[in-house]
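Colleague: The file below is coords-v6.txt, compact mmCIF, C-alpha atoms and all ligand atoms:
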# COMPACT_ATOMS: atom_id res chain seq x y z
CA MET A 30 -48.42 42.03 -38.31
CA VAL A 31 -46.16 40.06 -35.98
CA ARG A 32 -43.64 42.21 -34.17
CA VAL A 33 -41.06 41.31 -31.53
CA ALA A 34 -41.47 42.90 -28.10
CA ARG A 35 -38.56 41.31 -26.19
CA VAL A 36 -35.55 39.12 -26.91
CA GLN A 37 -33.75 36.98 -24.36
CA PRO A 38 -29.99 37.59 -24.26
CA GLU A 39 -27.92 34.78 -25.86
CA SER A 40 -31.02 33.16 -27.33
CA MET A 41 -31.38 31.93 -30.89
CA ALA A 42 -33.29 35.10 -31.75
CA ALA A 43 -30.54 37.29 -30.26
CA GLU A 44 -27.84 35.48 -32.26
CA LEU A 45 -29.77 36.23 -35.46
CA GLY A 46 -29.78 39.92 -34.62
CA ILE A 47 -33.50 40.05 -33.85
CA VAL A 48 -34.28 43.00 -31.59
CA PRO A 49 -37.45 44.53 -30.14
CA GLY A 50 -39.34 46.08 -33.06
CA THR A 51 -38.25 43.48 -35.62
CA GLU A 52 -41.19 42.45 -37.78
CA LEU A 53 -41.46 38.71 -38.48
CA ARG A 54 -42.95 38.53 -41.97
CA ALA A 55 -42.96 34.96 -43.26
CA VAL A 56 -41.94 31.44 -42.32
CA ASN A 57 -41.20 28.88 -45.04
CA GLY A 58 -42.91 31.13 -47.55
CA ARG A 59 -46.10 31.60 -45.55
CA GLU A 60 -47.02 35.08 -44.48
CA LEU A 61 -47.38 35.54 -40.72
CA LYS A 62 -50.67 37.18 -39.80
CA ASP A 63 -50.53 36.80 -36.04
CA PHE A 64 -48.98 34.97 -33.09
CA LEU A 65 -50.69 31.71 -34.01
CA ASP A 66 -48.92 31.56 -37.36
CA TRP A 67 -45.62 32.19 -35.63
CA GLU A 68 -46.18 29.59 -32.92
CA PHE A 69 -47.28 26.89 -35.30
CA LEU A 70 -45.04 27.55 -38.31
CA ALA A 71 -41.80 28.43 -36.55
CA THR A 72 -41.48 25.12 -34.74
CA ASP A 73 -40.17 23.16 -37.73
CA GLU A 74 -36.67 21.68 -37.71
CA THR A 75 -35.83 23.80 -40.74
CA VAL A 76 -37.18 27.31 -40.94
CA GLU A 77 -36.78 29.93 -43.65
CA LEU A 78 -37.54 33.16 -41.84
CA GLU A 79 -38.17 36.47 -43.58
CA LEU A 80 -38.01 39.49 -41.31
CA GLN A 81 -37.74 43.23 -41.44
CA HIS A 82 -35.35 44.95 -39.06
CA PRO A 83 -36.47 48.18 -37.37
CA ASP A 84 -34.23 50.15 -39.82
CA GLY A 85 -36.30 48.79 -42.73
CA ASP A 86 -33.80 46.17 -44.02
CA VAL A 87 -35.48 42.95 -45.08
CA GLU A 88 -33.52 39.71 -44.63
CA THR A 89 -34.19 36.01 -45.00
CA TYR A 90 -32.47 33.42 -42.83
CA GLU A 91 -32.27 29.63 -43.23
CA ILE A 92 -32.23 28.10 -39.76
CA ASP A 93 -31.64 24.46 -38.88
CA ASN A 94 -33.12 23.74 -35.48
CA PRO A 95 -33.13 19.93 -35.10
CA ASP A 96 -33.55 20.10 -31.30
CA LEU A 97 -36.41 22.62 -31.58
CA GLU A 98 -34.54 25.03 -29.34
CA PRO A 99 -36.84 27.87 -28.22
CA TRP A 100 -36.41 31.12 -30.15
CA GLY A 101 -36.18 33.21 -26.98
CA LEU A 102 -38.44 36.02 -28.12
CA THR A 103 -41.72 37.49 -26.95
CA LEU A 104 -44.14 39.01 -29.43
CA GLU A 105 -46.09 42.21 -29.04
CA PRO A 106 -49.64 41.48 -27.85
CA PRO A 107 -52.01 40.68 -30.73
CA THR A 108 -54.74 43.02 -31.88
CA VAL A 109 -57.78 41.57 -30.19
CA ARG A 110 -60.74 40.63 -32.39
CA ARG A 111 -63.75 42.63 -31.32
CA CYS A 112 -67.12 41.21 -30.53
CA ALA A 113 -69.88 41.58 -33.13
CA ASN A 114 -72.68 40.99 -30.62
CA ARG A 115 -74.48 43.31 -28.24
CA CYS A 116 -75.77 41.08 -25.47
CA GLU A 117 -78.05 42.85 -23.04
CA PHE A 118 -76.26 41.14 -20.17
CA CYS A 119 -72.74 42.03 -21.37
CA PHE A 120 -70.51 42.65 -18.37
CA ILE A 121 -68.55 45.27 -20.30
CA GLU A 122 -71.73 47.23 -20.89
CA GLY A 123 -72.30 46.99 -17.15
CA LEU A 124 -69.05 48.75 -16.29
CA PRO A 125 -69.24 52.25 -14.88
CA GLN A 126 -67.70 55.12 -16.87
CA GLY A 127 -64.18 56.31 -16.27
CA LEU A 128 -62.26 53.04 -15.85
CA ARG A 129 -59.04 52.34 -17.74
CA LYS A 130 -59.62 51.83 -21.48
CA PRO A 131 -58.60 48.14 -21.86
CA LEU A 132 -61.45 47.15 -19.51
CA TYR A 133 -63.98 48.30 -22.13
CA ILE A 134 -62.65 46.08 -24.92
CA ARG A 135 -65.29 43.52 -25.86
CA ASP A 136 -63.09 40.73 -27.17
CA ASP A 137 -64.51 37.71 -28.94
CA ASP A 138 -61.44 35.96 -30.22
CA TYR A 139 -61.08 32.24 -30.91
CA ARG A 140 -57.29 32.64 -30.78
CA LEU A 141 -57.44 33.89 -27.17
CA SER A 142 -59.95 31.16 -26.43
CA PHE A 143 -57.32 28.59 -27.37
CA ALA A 144 -54.33 30.44 -25.90
CA TYR A 145 -55.82 31.66 -22.59
CA GLY A 146 -59.18 29.93 -22.11
CA ASN A 147 -61.22 33.09 -22.80
CA PHE A 148 -64.78 32.26 -23.82
CA ALA A 149 -65.68 33.18 -27.43
CA THR A 150 -69.06 33.03 -29.15
CA LEU A 151 -67.55 32.23 -32.60
CA SER A 152 -69.98 34.82 -34.04
CA ASN A 153 -67.20 36.59 -35.91
CA VAL A 154 -65.48 33.41 -37.13
CA LYS A 155 -65.13 33.23 -40.91
CA GLU A 156 -64.46 30.28 -43.16
CA ARG A 157 -60.73 31.00 -43.16
CA ASP A 158 -60.75 31.00 -39.35
CA ILE A 159 -62.39 27.58 -39.24
CA ALA A 160 -59.73 26.34 -41.64
CA ARG A 161 -57.03 27.67 -39.29
CA ILE A 162 -58.62 26.12 -36.22
CA LEU A 163 -58.63 22.78 -37.99
CA GLU A 164 -55.15 23.11 -39.48
CA TYR A 165 -53.50 24.21 -36.23
CA ARG A 166 -55.71 21.91 -34.16
CA LEU A 167 -56.71 24.68 -31.75
CA SER A 168 -58.18 22.41 -29.11
CA PRO A 169 -59.75 22.71 -26.65
CA LEU A 170 -61.63 25.94 -27.28
CA TYR A 171 -63.92 27.68 -24.78
CA VAL A 172 -67.25 28.52 -26.41
CA SER A 173 -70.08 30.72 -25.15
CA VAL A 174 -73.02 28.82 -26.56
CA HIS A 175 -75.82 30.31 -24.42
CA ALA A 176 -78.42 28.54 -26.61
CA THR A 177 -78.14 26.12 -29.50
CA ASN A 178 -81.59 27.22 -30.70
CA TRP A 179 -80.63 29.63 -33.47
CA GLU A 180 -83.48 32.07 -32.99
CA ALA A 181 -83.00 32.20 -29.22
CA ARG A 182 -79.29 32.75 -29.72
CA LYS A 183 -79.88 35.67 -32.06
CA VAL A 184 -81.97 37.32 -29.35
CA LEU A 185 -79.51 36.55 -26.58
CA LEU A 186 -76.52 37.89 -28.51
CA ASN A 187 -78.61 40.71 -29.94
CA ASN A 188 -77.16 39.89 -33.34
CA ALA A 189 -79.40 38.80 -36.23
CA ARG A 190 -76.36 37.66 -38.23
CA VAL A 191 -75.00 35.22 -35.70
CA PRO A 192 -74.06 31.88 -37.33
CA ASN A 193 -75.70 28.60 -36.37
CA ILE A 194 -73.57 27.45 -33.44
CA ILE A 195 -74.45 23.79 -33.77
CA GLU A 196 -73.32 23.77 -37.41
CA GLN A 197 -70.08 25.44 -36.34
CA LEU A 198 -69.47 23.07 -33.44
CA THR A 199 -70.33 20.02 -35.54
CA ARG A 200 -67.78 21.09 -38.09
CA LEU A 201 -65.14 21.56 -35.44
CA ALA A 202 -66.03 18.25 -33.80
CA ASP A 203 -65.77 16.45 -37.14
CA GLY A 204 -62.30 17.94 -37.49
CA GLY A 205 -61.20 16.58 -34.11
CA ILE A 206 -61.54 19.84 -32.14
CA GLN A 207 -62.89 19.67 -28.57
CA PHE A 208 -64.49 22.48 -26.61
CA HIS A 209 -65.69 23.50 -23.18
CA THR A 210 -69.03 25.28 -23.37
CA GLN A 211 -71.03 27.67 -21.24
CA MET A 212 -74.62 28.85 -21.12
CA VAL A 213 -75.23 32.16 -19.37
CA VAL A 214 -78.89 31.79 -18.48
CA VAL A 215 -81.23 34.75 -18.81
CA PRO A 216 -84.60 33.96 -17.19
CA GLY A 217 -87.33 33.66 -19.81
CA LEU A 218 -84.92 33.54 -22.74
CA ASN A 219 -82.72 30.46 -22.51
CA ASP A 220 -83.82 28.55 -19.42
CA GLY A 221 -86.46 25.78 -19.44
CA ALA A 222 -87.07 24.23 -22.88
CA VAL A 223 -84.32 26.29 -24.56
CA LEU A 224 -81.76 25.08 -22.02
CA GLU A 225 -83.02 21.52 -22.48
CA GLU A 226 -82.56 21.82 -26.25
CA SER A 227 -79.04 23.17 -25.74
CA LEU A 228 -78.10 20.26 -23.50
CA VAL A 229 -79.59 17.73 -25.92
CA ASP A 230 -77.66 19.25 -28.84
CA LEU A 231 -74.36 19.53 -27.01
CA TRP A 232 -74.66 16.02 -25.59
CA ALA A 233 -75.18 14.73 -29.15
CA LEU A 234 -71.74 16.09 -30.08
CA GLY A 235 -70.23 13.36 -27.92
CA ASP A 236 -66.66 13.60 -26.65
CA ALA A 237 -66.06 16.83 -28.56
CA ALA A 238 -68.15 18.73 -26.02
CA LEU A 239 -65.84 18.30 -23.04
CA SER A 240 -67.91 20.13 -20.47
CA ALA A 241 -70.89 22.44 -20.10
CA ALA A 242 -71.27 25.13 -17.46
CA VAL A 243 -74.57 26.79 -16.63
CA VAL A 244 -74.10 30.26 -15.16
CA PRO A 245 -76.74 32.75 -14.02
CA VAL A 246 -76.84 36.14 -15.71
CA GLY A 247 -74.81 38.63 -13.67
CA LEU A 248 -75.72 42.30 -13.75
CA THR A 249 -74.38 45.44 -12.21
CA GLN A 250 -76.28 48.63 -11.50
CA PHE A 251 -74.86 49.95 -14.79
CA SER A 252 -76.21 47.16 -17.02
CA HIS A 253 -78.21 49.71 -19.02
CA LEU A 254 -79.05 47.45 -21.97
CA TYR A 255 -80.71 44.75 -19.91
CA THR A 256 -84.49 44.49 -20.17
CA GLY A 257 -84.94 40.94 -18.82
CA LYS A 258 -85.66 39.53 -15.38
CA SER A 259 -82.88 38.95 -12.91
CA MET A 260 -82.22 35.52 -11.52
CA ASP A 261 -83.80 34.66 -8.18
CA GLY A 262 -83.60 31.73 -5.78
CA PRO A 263 -86.53 29.62 -7.09
CA MET A 264 -85.33 30.02 -10.69
CA ALA A 265 -81.80 29.06 -9.71
CA SER A 266 -83.19 25.99 -7.95
CA THR A 267 -85.20 24.90 -11.01
CA ILE A 268 -82.17 25.30 -13.25
CA LEU A 269 -80.00 23.30 -10.87
CA ASP A 270 -82.54 20.47 -10.84
CA GLN A 271 -82.53 20.40 -14.64
CA VAL A 272 -78.74 20.57 -14.87
CA ASN A 273 -78.22 17.89 -12.25
CA ARG A 274 -80.67 15.51 -13.99
CA TRP A 275 -78.39 15.82 -17.02
CA GLY A 276 -75.33 15.42 -14.83
CA GLU A 277 -76.69 12.14 -13.43
CA ARG A 278 -77.40 10.88 -16.93
CA ALA A 279 -73.90 11.83 -18.09
CA LEU A 280 -72.41 10.06 -15.08
CA ARG A 281 -74.37 6.88 -15.85
CA GLU A 282 -73.67 6.86 -19.58
CA ARG A 283 -70.19 8.34 -19.85
CA GLY A 284 -68.78 8.10 -16.34
CA GLU A 285 -68.32 11.87 -16.12
CA ARG A 286 -70.79 14.45 -14.89
CA TRP A 287 -70.12 16.74 -17.91
CA VAL A 288 -72.58 19.53 -17.03
CA ARG A 289 -72.57 21.55 -13.81
CA GLY A 290 -74.16 24.67 -12.41
CA SER A 291 -71.88 27.49 -11.28
CA ASP A 292 -71.32 28.21 -7.59
CA GLU A 293 -73.49 31.31 -7.89
CA LEU A 294 -76.50 29.21 -8.83
CA TYR A 295 -76.06 27.20 -5.62
CA LEU A 296 -75.67 30.36 -3.56
CA LEU A 297 -78.75 31.94 -5.13
CA ALA A 298 -80.75 28.76 -4.58
CA GLY A 299 -79.54 28.56 -0.97
CA ARG A 300 -78.19 25.05 -1.53
CA GLU A 301 -75.12 23.42 -0.09
CA LEU A 302 -72.29 23.31 -2.62
CA PRO A 303 -71.27 19.86 -3.86
CA THR A 304 -68.14 18.14 -2.63
CA GLU A 305 -64.85 17.69 -4.48
CA ALA A 306 -65.77 14.48 -6.33
CA PHE A 307 -68.70 16.23 -8.03
CA TYR A 308 -66.35 18.53 -9.98
CA GLY A 309 -63.98 15.93 -11.49
CA GLU A 310 -61.08 17.84 -13.04
CA PHE A 311 -62.56 21.24 -12.10
CA ALA A 312 -62.53 22.02 -15.84
CA GLN A 313 -64.43 25.29 -15.47
CA ILE A 314 -63.18 26.57 -12.13
CA GLU A 315 -62.19 29.88 -13.77
CA ASN A 316 -65.83 30.22 -14.72
CA GLY A 317 -66.92 29.92 -11.09
CA VAL A 318 -67.83 26.24 -11.28
CA GLY A 319 -66.43 24.56 -8.18
CA ALA A 320 -64.33 27.52 -7.03
CA VAL A 321 -65.76 27.51 -3.50
CA THR A 322 -65.34 23.76 -3.13
CA LYS A 323 -61.75 24.03 -4.35
CA LEU A 324 -61.11 26.74 -1.78
CA ARG A 325 -62.47 24.50 0.96
CA VAL A 326 -60.22 21.67 -0.25
CA ARG A 327 -57.14 23.89 -0.32
CA ILE A 328 -57.81 25.11 3.19
CA ARG A 329 -58.46 21.58 4.48
CA ASP A 330 -55.22 20.33 2.90
CA GLY A 331 -53.19 23.30 4.09
CA LEU A 332 -54.25 23.45 7.73
CA SER A 333 -51.45 21.14 8.88
CA ARG A 334 -48.86 23.61 7.54
CA LEU A 335 -50.06 26.55 9.60
CA PRO A 336 -48.14 27.83 12.64
CA ARG A 337 -49.66 28.41 16.08
CA ILE A 338 -50.14 32.17 16.51
CA PRO A 339 -52.41 32.56 19.52
CA GLY A 340 -53.48 36.09 20.37
CA ARG A 341 -53.08 37.45 16.83
CA LYS A 342 -56.02 39.28 15.36
CA ILE A 343 -56.40 38.84 11.61
CA GLY A 344 -59.01 40.49 9.37
CA LEU A 345 -60.28 38.67 6.27
CA VAL A 346 -61.94 40.94 3.71
CA THR A 347 -64.50 39.36 1.40
CA GLY A 348 -67.59 40.16 -0.67
CA VAL A 349 -71.21 39.76 0.33
CA SER A 350 -71.79 36.50 -1.59
CA MET A 351 -68.96 34.63 0.13
CA ALA A 352 -69.81 35.87 3.63
CA PRO A 353 -72.25 33.09 4.61
CA LEU A 354 -69.67 30.42 3.69
CA MET A 355 -66.84 31.92 5.69
CA PRO A 356 -67.63 31.14 9.36
CA GLU A 357 -67.02 27.42 8.80
CA LEU A 358 -63.61 28.16 7.21
CA LEU A 359 -62.66 30.68 9.89
CA ALA A 360 -63.48 28.17 12.60
CA GLN A 361 -61.02 25.71 11.07
CA LEU A 362 -58.30 28.36 10.84
CA THR A 363 -58.92 29.40 14.45
CA ALA A 364 -58.82 25.83 15.75
CA VAL A 365 -55.41 25.20 14.19
CA THR A 366 -53.65 28.55 14.71
CA GLY A 367 -55.25 29.84 17.90
CA ALA A 368 -55.53 33.27 16.21
CA HIS A 369 -58.69 35.34 16.18
CA PHE A 370 -60.05 35.75 12.64
CA GLU A 371 -62.57 38.46 11.91
CA LEU A 372 -64.66 38.45 8.77
CA ILE A 373 -64.92 41.90 7.18
CA VAL A 374 -67.64 42.02 4.53
CA ALA A 375 -67.14 44.84 2.03
CA GLU A 376 -69.81 46.23 -0.31
CA ASN A 377 -68.91 47.10 -3.86
CA SER A 378 -68.90 50.86 -4.23
CA LEU A 379 -68.01 50.85 -7.93
CA PHE A 380 -70.52 48.37 -9.37
CA GLY A 381 -73.19 48.79 -6.73
CA PRO A 382 -74.69 46.47 -4.12
CA THR A 383 -75.95 43.90 -6.66
CA THR A 384 -72.34 42.99 -7.42
CA THR A 385 -71.34 40.80 -4.50
CA THR A 386 -68.35 38.87 -5.85
CA ALA A 387 -65.23 39.23 -3.70
CA GLY A 388 -62.96 39.37 -6.77
CA LEU A 389 -64.65 42.54 -8.04
CA LEU A 390 -64.03 44.60 -4.90
CA VAL A 391 -61.98 47.69 -5.68
CA GLY A 392 -59.23 49.60 -3.92
CA ALA A 393 -61.66 52.09 -2.41
CA ASP A 394 -63.70 49.24 -0.86
CA ILE A 395 -60.60 47.70 0.71
CA THR A 396 -59.47 51.07 2.02
CA ARG A 397 -62.88 51.83 3.54
CA ALA A 398 -63.09 48.41 5.15
CA LEU A 399 -59.65 48.56 6.79
CA ARG A 400 -58.57 52.18 7.31
CA ASP A 401 -59.81 52.48 10.88
CA ARG A 402 -58.90 48.98 12.03
CA ARG A 403 -55.86 49.70 14.16
CA ASP A 404 -56.74 46.70 16.29
CA LEU A 405 -55.79 44.22 13.53
CA ASP A 406 -52.33 42.64 13.39
CA LEU A 407 -52.80 41.65 9.77
CA ALA A 408 -55.39 41.72 7.00
CA LEU A 409 -55.91 39.47 3.99
CA ILE A 410 -57.75 40.62 0.88
CA PRO A 411 -58.89 38.60 -2.17
CA ALA A 412 -55.91 38.27 -4.52
CA GLU A 413 -58.28 38.21 -7.52
CA THR A 414 -58.99 41.91 -6.97
CA ILE A 415 -55.53 42.87 -8.23
CA ASN A 416 -54.29 42.49 -11.82
CA ASP A 417 -50.78 41.64 -13.06
CA ASP A 418 -49.85 45.33 -12.95
CA GLY A 419 -50.78 45.54 -9.26
CA LEU A 420 -53.95 47.56 -9.90
CA PHE A 421 -57.50 47.22 -8.62
CA LEU A 422 -60.39 47.75 -11.07
CA ASP A 423 -60.72 51.37 -9.91
CA ASP A 424 -57.06 51.96 -10.87
CA ALA A 425 -55.92 52.23 -7.25
CA SER A 426 -52.55 50.54 -6.88
CA PHE A 427 -52.20 47.79 -4.32
CA ILE A 428 -48.98 49.32 -3.01
CA ALA A 429 -50.65 52.70 -2.43
CA VAL A 430 -53.64 51.07 -0.71
CA ARG A 431 -51.38 48.92 1.46
CA GLU A 432 -49.25 51.89 2.50
CA SER A 433 -52.33 53.88 3.48
CA LEU A 434 -53.59 51.22 5.89
CA PRO A 435 -52.59 50.79 9.51
CA MET A 436 -51.77 47.04 9.35
CA PRO A 437 -49.79 44.76 7.03
CA VAL A 438 -52.06 43.70 4.16
CA PHE A 439 -51.58 40.69 1.89
CA PRO A 440 -53.49 39.51 -1.18
CA SER A 441 -54.47 35.87 -0.67
CA TYR A 442 -56.10 33.13 -2.74
CA ASP A 443 -56.84 30.68 0.04
CA PHE A 444 -55.54 32.18 3.36
CA ILE A 445 -53.11 29.28 3.70
CA ASP A 446 -50.81 30.83 1.07
CA VAL A 447 -50.19 33.86 3.29
CA LEU A 448 -50.61 32.38 6.75
CA GLU A 449 -48.03 29.65 6.27
CA HIS A 450 -45.27 32.01 5.10
CA GLU A 451 -45.87 35.59 6.10
CA VAL A 452 -47.63 35.54 9.38
CA HIS A 453 -44.61 35.36 11.69
CA ALA A 454 -42.84 38.30 10.11
CA ALA A 455 -45.91 40.42 9.59
CA ALA A 456 -47.56 39.89 12.95
CA ALA A 457 -44.40 39.88 15.08
S1 LIG B 501 -70.46 38.18 -26.57
FE1 LIG B 501 -71.94 39.45 -25.51
S2 LIG B 501 -71.22 39.38 -23.38
FE2 LIG B 501 -69.51 38.75 -24.63
S3 LIG B 501 -68.35 40.63 -25.05
FE3 LIG B 501 -69.79 40.32 -26.74
S4 LIG B 501 -71.58 41.55 -26.18
FE4 LIG B 501 -70.39 41.25 -24.32
Write the structure described by the file as structure tokens, please.
Ligand code: SF4
Modeller:
Amino acid sequence: MVRVARVQPESMAAELGIVPGTELRAVNGRELKDFLDWEFLATDETVELELQHPDGDVETYEIDNPDLEPWGLTLEPPTVRRCANRCEFCFIEGLPQGLRKPLYIRDDDYRLSFAYGNFATLSNVKERDIARILEYRLSPLYVSVHATNWEARKVLLNNARVPNIIEQLTRLADGGIQFHTQMVVVPGLNDGAVLEESLVDLWALGDAALSAAVVPVGLTQFSHLYTGKSMDGPMASTILDQVNRWGERALRERGERWVRGSDELYLLAGRELPTEAFYGEFAQIENGVGAVTKLRVRIRDGLSRLPRIPGRKIGLVTGVSMAPLMPELLAQLTAVTGAHFELIVAENSLFGPTTTTAGLLVGADITRALRDRRDLDLALIPAETINDDGLFLDDASFIAVRESLPMPVFPSYDFIDVLEHEVHAAAA
């Protein structure tokens, strides 16, 4: 069902009498099953729209829209397609009890893969879905491959009925669909020869396989299903060597590195992260591939915009994994601003000490790290810790946390974003 959530005043939708709650039923005789149908079918110059008003009246409108004027409506969020797998390493299974319900939804939805870049395994994709992907040209998709070896993939996804991913991807590639891929590597299951086979198979798909990311398995203290080994430094190093051999080959043969290890692999292996040129378009930065390097670049490029604020004392809260990389960045900020920056490393109280990512810190961690720091003029916390509703993962609201602390607190992506605008007012 496709139902309207909001309508912009004076828009085309408003002029037709569409209001929140109106159900959009069919366009040009085709039934609308979800937002994809609406987005792809309702952009014709001539549209016959069948809808049902909230009072139950059904009407059909003929609309000429030669300039493809936007409709001015927002749909209710789609019902997310649930995951049919039960991976031992599933992050959702590694969440503690008692968090807000939406966090426990295991989505595996090719539509969200196209619309928002969410990774999907394609395990629950049916023939009719493939037909839609091809018809609507849903490209690029983001695909969790993990292993192209079918048997290994069944074990990894804990799903004996998982389709053959290479057959699926070949079909999509033949239909002109491109995809970014990822392999979450579980030691002993899909590293070594299995990873090699995956890279061989994906490489053979040519330009359709836009990029490949290799990410180490990430576990929390609540990952109760996991029976495998955890990733350690030597394993991370071996994987990086293998991945970078492929990267060199890709660079030679196609002029693009194509496959890269995630930042976490470099941190685990104790290796220096590559420079900007290594990451090309940063195609998988949301997946933690090149995120640290991008941060360094943003800071380098933003330093000239920072004011001099000598004597100010500014706290920077981060997670354990980022801590070793921070002194170099803090030294640059100090040299330009004259302020004193103090690194405050917070442990994750919700997921446990094995979860060291700054973006997963929760409100309670921020509060504990800053509540007694009356000596600070200002504190910056990772902006990734807060969702669009202003909530941390433990449901604490940012506003409540900020008001409980003795200094002005700002969420920040790269320090520059706050320091160039807010620092005068906040620290004055
Ligand atoms: S594919 Fe695996 S990791 Fe992803 S949501 Fe499903 S069970 Fe969890």
Colleague: Where's the centre, and what are the edge lengths in Å to one decimal, of a box along x, y and z enclosing all listed atoms of ligand LIG 501 (chain B) padded 8 Å per side, as AutoDock Vina command-line options?
Modeller:
--center_x -70.1 --center_y 39.9 --center_z -25.1 --size_x 19.6 --size_y 19.4 --size_z 19.4
Colleague: Please write out the residues within 9 Å of ligand LIG 501 (chain B) as a JSON list (two decimals) with C-alpha atoms, keeping the file's coordinate frame, counting only C-alpha atoms and all ligand atoms.
Modeller:
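After the write, part-v4.json holds the following:
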[["chain", "number", "residue", "atom", "x", "y", "z"],
["A", 111, "ARG", "CA", -63.75, 42.63, -31.32],
["A", 112, "CYS", "CA", -67.12, 41.21, -30.53],
["A", 113, "ALA", "CA", -69.88, 41.58, -33.13],
["A", 114, "ASN", "CA", -72.68, 40.99, -30.62],
["A", 115, "ARG", "CA", -74.48, 43.31, -28.24],
["A", 116, "CYS", "CA", -75.77, 41.08, -25.47],
["A", 117, "GLU", "CA", -78.05, 42.85, -23.04],
["A", 118, "PHE", "CA", -76.26, 41.14, -20.17],
["A", 119, "CYS", "CA", -72.74, 42.03, -21.37],
["A", 120, "PHE", "CA", -70.51, 42.65, -18.37],
["A", 121, "ILE", "CA", -68.55, 45.27, -20.30],
["A", 122, "GLU", "CA", -71.73, 47.23, -20.89],
["A", 134, "ILE", "CA", -62.65, 46.08, -24.92],
["A", 135, "ARG", "CA", -65.29, 43.52, -25.86],
["A", 136, "ASP", "CA", -63.09, 40.73, -27.17],
["A", 137, "ASP", "CA", -64.51, 37.71, -28.94],
["A", 148, "PHE", "CA", -64.78, 32.26, -23.82],
["A", 149, "ALA", "CA", -65.68, 33.18, -27.43],
["A", 150, "THR", "CA", -69.06, 33.03, -29.15],
["A", 151, "LEU", "CA", -67.55, 32.23, -32.60],
["A", 152, "SER", "CA", -69.98, 34.82, -34.04],
["A", 173, "SER", "CA", -70.08, 30.72, -25.15],
["A", 185, "LEU", "CA", -79.51, 36.55, -26.58],
["A", 186, "LEU", "CA", -76.52, 37.89, -28.51],
["A", 187, "ASN", "CA", -78.61, 40.71, -29.94]]
Colleague: Measuring between only C-alpha atoms, which one of A:Ala368, A:Val215, A:Val438, A:Leu65 shows the shortest distance to Arg400 in chain A?
Modeller: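 Comparing A:Ala368, A:Val215, A:Val438, A:Leu65 against Arg400 in chain A, the winner is A:Val438.
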Colleague: With only C-alpha atoms as the counted atoms, please give the residues lying no more than 10 Å from Leu379 in chain A, apart from itself and same-chain residues fewer than 5 positions off, as an MDAnalysis selection string.
Modeller: chainID A and resid 124:126 249:251 384 389:394 422:423
Colleague: Have a look at CA of Asp96 in chain A and CA of Ser40 in chain A and let me know their distance in Å, one decimal.
Modeller: 13.9 Å
Colleague: Within 12 Å of Gly221 in chain A, counting all atoms listed in the file, which residues show up once you throw out same-chain ones fewer than 5 positions away? Write them as a PyMOL selection string, please.
Modeller: chain A and resi 176+214-216+226-228+264-272
Colleague: Using only C-alpha atoms, which of A:Met351, A:Ala71, A:Ile445, A:Ala144 sits nearest Leu170 in chain A?
Modeller: A:Ala144
Colleague: Which residue out of A:Met41, A:Leu234, A:Leu80, A:Val318 has the minimum interatomic distance to Glu60 in chain A when all atoms listed in the file are used?
Modeller: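 Counting all atoms listed in the file, the residue closest to Glu60 in chain A is A:Leu80.
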Colleague: Which distance in Å separates CA of Leu132 in chain A and CA of Val172 in chain A, to one decimal?
Modeller: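 Here the two named atoms are 20.7 Å from each other.
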Colleague: Could you tell me how far CA of Ile314 in chain A sits from CA of Tyr442 in chain A, in Å to one decimal place?
Modeller: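 Between these atoms lies a distance of 13.5 Å.
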Colleague: Tell me which protein, DNA and RNA residues are within 10 Å of range 293-310 of chain A, counting only C-alpha atoms, leaving out same-chain ones fewer than 5 positions away, and put them as a PyMOL selection string.
Modeller: chain A and resi 243-247+260-269+276+285-288+317-323+325-326+350-351+353-354+386
Colleague: Which residue gives the smallest distance to Ile415 in chain A among A:Phe69, A:Glu98, A:Ser441, A:Thr396, with all atoms listed in the file counted?
Modeller: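 Checking each candidate against Ile415 in chain A, we get A:Ser441 as the closest.
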Colleague: Residues near Pro99 in chain A, anyone? I mean within 12 Å using all atoms listed in the file, not counting same-chain ones fewer than 5 positions away, as a list in words.
Modeller: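 Counting only the stated atoms, we get Val36, Gln37, Glu39, Ser40, Met41, Ala42, Ala43, Glu68, Ala71, Thr72, Asp73, Glu74 and Asn94 of chain A.
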Colleague: Near Ala360 in chain A, counting all atoms listed in the file, which residues have an atom at most 12 Å away, once you skip same-chain residues fewer than 5 positions from it, shown as a ChimeraX atom specification?
Modeller: /A:328-329,332,354-355,365-372
Colleague: Pick the closest to Thr177 in chain A from A:Gln211, A:Ser378, A:Thr51, A:Asn193: which is it, counting only C-alpha atoms?
Modeller: A:Asn193
Colleague: Emit a file covering range 304-308 of chain A of the preceding structure with N, CA and C atoms, as a PDB file, in the first residue's frame.
Modeller:
ATOM      1  N   THR A 304      46.753   7.199   1.856  1.00  0.00           N
ATOM      2  CA  THR A 304      46.439   8.612   1.623  1.00  0.00           C
ATOM      3  C   THR A 304      45.237   8.728   0.685  1.00  0.00           C
ATOM      4  N   GLU A 305      44.836   9.997   0.463  1.00  0.00           N
ATOM      5  CA  GLU A 305      43.597  10.302  -0.267  1.00  0.00           C
ATOM      6  C   GLU A 305      43.506   9.601  -1.627  1.00  0.00           C
ATOM      7  N   ALA A 306      44.607   9.624  -2.387  1.00  0.00           N
ATOM      8  CA  ALA A 306      44.570   9.104  -3.758  1.00  0.00           C
ATOM      9  C   ALA A 306      44.186   7.631  -3.788  1.00  0.00           C
ATOM     10  N   PHE A 307      44.512   6.900  -2.739  1.00  0.00           N
ATOM     11  CA  PHE A 307      44.234   5.467  -2.667  1.00  0.00           C
ATOM     12  C   PHE A 307      42.729   5.188  -2.790  1.00  0.00           C
ATOM     13  N   TYR A 308      41.905   6.121  -2.275  1.00  0.00           N
ATOM     14  CA  TYR A 308      40.472   5.840  -2.140  1.00  0.00           C
ATOM     15  C   TYR A 308      39.630   6.318  -3.323  1.00  0.00           C
TER      16      TYR A 308
END
